[in-house]
Every structure is written in C-alpha cells, then in structure tokens.
Amino acid sequence: MLGAMRSTRRQRQGEFPPAPEPLAVPVIDSHTHLDITVAEEGAPGGVAELVGLAATAGVDRLVQVGVDVESSRLGVDLAARHSAVVATVALHPNEAPRLGAQLDEALRVIEGLAADERVRGIGETGMDTFRTGDEGRAAQEASFRAHIAIAKRHGKALVIHDREAHADILRILDDEGAPETVVLHCFSGDADFAAECVRRGYLLSFAGTVTFANAVALRDAARVTPIKQMLVETDAPYLTPMPFRGRPNASYLIPLTVRALAETTGADLDDLCAAISATGDRVFGPW
Ligand SMILES: [Zn+2]
C-alpha cells in the first residue's frame with residue numbers, strides 16, 4: 001500500500017519511502033501526528049494502515065500528539081480505538097497567539113481532555129520564536145505556563161516544542177517548577193544544552209533531523225545523552241530521515257533514525273532499542 005500513498009503538500013514531494021529493515025527489539029514513536037499524516041499525505045488505509053506498517057517495522061507503540069483543540073479531541077478518540085496508540089493533548093505554541101480571547105476557553109477544554117485515561121502527556125506546548133512576533137510571545141508564554149500547570153495537576157508528562165527558544169524554555173520551567181517528567185520533543189540543541197537537560201533529568205527525543213548531513217551539533221548532543229534519557233520520534237508527517245528527506249514521514253521509518261542514533265553514539269542497536277522502549281513505557285505507558 002505504500003506506493004498508493006502520495007504526498008499532496010508541496011514541501012513534501014513524492015510517495016512514502018520504502019519500508020526499512022525491521023528492528024529486532026521494538027521501540028515506541030514518541031511523537032507522531034497520525035491525523036495530519038492521513039489528511040495531508042492521503043494514506044488510503046488511514047490510521048489503521050499507518051499503525052500496522054509501524055508494527056511490522058518494530059515500532060509497536062505510538063504517541064499521537066495534539067496541536068489544537070480539534071486534534072487533541074481526535075487523539076483521545078484514536079487512542080480509545082487503537083491499543084497501540086496513546087495521546088497527548090495541548091495547544092501548539094503557534095496556536096496560542098492565534099486564539100486571542102479564546103485561549104482561556106481552549107485551555108479549559110485541554111484540561112478536561114487531560115483527565116482521560118488514554119491521555120499520557122500534555123503537549124506539544126512550549127515556545128516557538130521562529131514564527132511568532134513580540135506581541136504573540138506573551139500569549140505563547142502564558143499558554144506554556146498554563147500547560148505546565150495542567151501537566152502537574154494531572155501527573156502527566158510535559159511534551160515540549162522548543163524552536164530557537166532554549167533559554168526561555170528553561171527560564172519558564174524553573175519559574176513554574178518543572179513537572180516530574182519533561183520530554184524535549186524533536187531535540188534541537190547542541191551538546192551544552194543537551195548536557196543541561198540531562199542534568200535536570202529531562203528526556204531528549206531525537207527525530208529524523210539527527211540523520212541530516214548538516215546536523216553536526218545535534219549529533220554531538222546525542223553523544224552526551226545517556227541512552228536511558230533518550231526517546232525517538234518521527235514528528236510525522238514531517239522531518240523524514242535520510243536518505244528520504246523531503247518525502248512524507250510515518251512511524252514505520254523510525255528504524256532509520258534509531259540506527260543513525262546507534263551509529264552516532266556507539267551504542268549497541270538492541271541495547272538502545274531496549275532502553276528507548278523501557279523509557280517510553282515508563283513515560284507514556286502502559287499501552
Ligand atoms: Zn509535532
């Protein structure tokens with residue numbers, strides 16, 4: 001069915017890549033957007049096909065991540081219908097400034113969804129100074145603070161989106177007091193920032209970006225991260241690992257990223273997979 005799934009978005013060209021060799025020891029995909037993948041890439045078998053392909057590749061547990069009220073509701077629904085899927089719920093940092101006066105009401109909906117048993121994290125939330133101007137930043141920070149509070153009230157993992165905002169993320173976490181479990185989704189810092197996150201006990205989730213030729217600093221970051229504090233993710237349909245950068249992404253491509261991580265860090269592939277699997281179960285499980 002892979003060949004039948006075609007990319008419809010200009011940024012991602014062509015068909016889904018061929019399936020890589022499966023992993024011997026299964027892992028989780030700690031961050032995927034099944035709804036966006038189906039909507040934008042047109043997988044004809046829908047979520048069930050994507051979940052099935054992932055399992056065949058040795059990616060037998062997926063974390064479906066919400067970015068707004070609608071996708072958060074959908075995630076709860078997907079997690080109820082698929083035993084391999086659990087959900088996180090949140091308003092994306094780019095969503096907060098857009099909501100304006102409706103932000104508080106949207107946060108109330110997120111808080112309500114957070115209580116669901118299949119919701120295992122609050123995210124993706126955080127700071128994204130890439131697209132947000134100064135006026136949007138205040139709303140973004142208020143939203144991030146509110147999500148930190150929700151994560152703590154419900155005892156769930158905080159899944160952080162950090163785009164060119166490392167210092168702000170740490171400042172706000174220190175100010176609010178971090179929840180027990182903090183995951184930096186699509187980790188994008190250098191070795192110094194990674195070491196600081198490791199020291200704080202945070203988890204670093206590496207995406208396909210770690211395979212990109214120019215990602216030298218990111219691979220240095222992976223080398224200072226103990227495998228027990230590592231997670232792996234697709235952020236599908238985005239950030240497709242090499243050699244398929246630019247084509248649509250899905251959880252069945254995780255083996256490409258895990259193998260690159262093993263090569264970069266010198267860790268044994270099976271040991272790395274076992275560590276990621278155990279951490280994934282501890283943070284987001286049981287499935
Ligand atoms: Zn994401």
# chains A, B, ... in the order shown; residues from 1 in each chain; ligands from 1

call {"tool": "select_by_dssp", "arguments": {"residues": "range 100-166 of chain A", "states": "alpha helix (DSSP H)", "output": "PyMOL selection string"}}
result
chain A and resi 103-114+134-154+166

call {"tool": "residues_near_ligand", "arguments": {"ligand": "ligand 1", "cutoff": "8 Å", "atoms": "only C-alpha atoms and all ligand atoms", "output": "ChimeraX atom specification"}}
result
/A:31-33,65-67,124,161,185-186,235-236

call {"tool": "atom_distance", "arguments": {"atom1": "CA of Pro237 in chain A", "atom2": "CA of Gln13 in chain A"}}
result
11.6 Å

call {"tool": "closest_residue", "arguments": {"among": "A:Ile169, A:Val182, A:Val76, A:Ala215", "to": "Lys152 in chain A", "atoms": "only C-alpha atoms"}}
result
A:Val182

call {"tool": "select_by_dssp", "arguments": {"residues": "range 43-269 of chain A", "states": "strand (DSSP E or B)", "output": "count of residues only"}}
result
41

call {"tool": "closest_residue", "arguments": {"among": "A:Ser251, A:Thr225, A:Gln64, A:Thr257", "to": "Ala207 in chain A", "atoms": "only C-alpha atoms"}}
result
A:Thr257
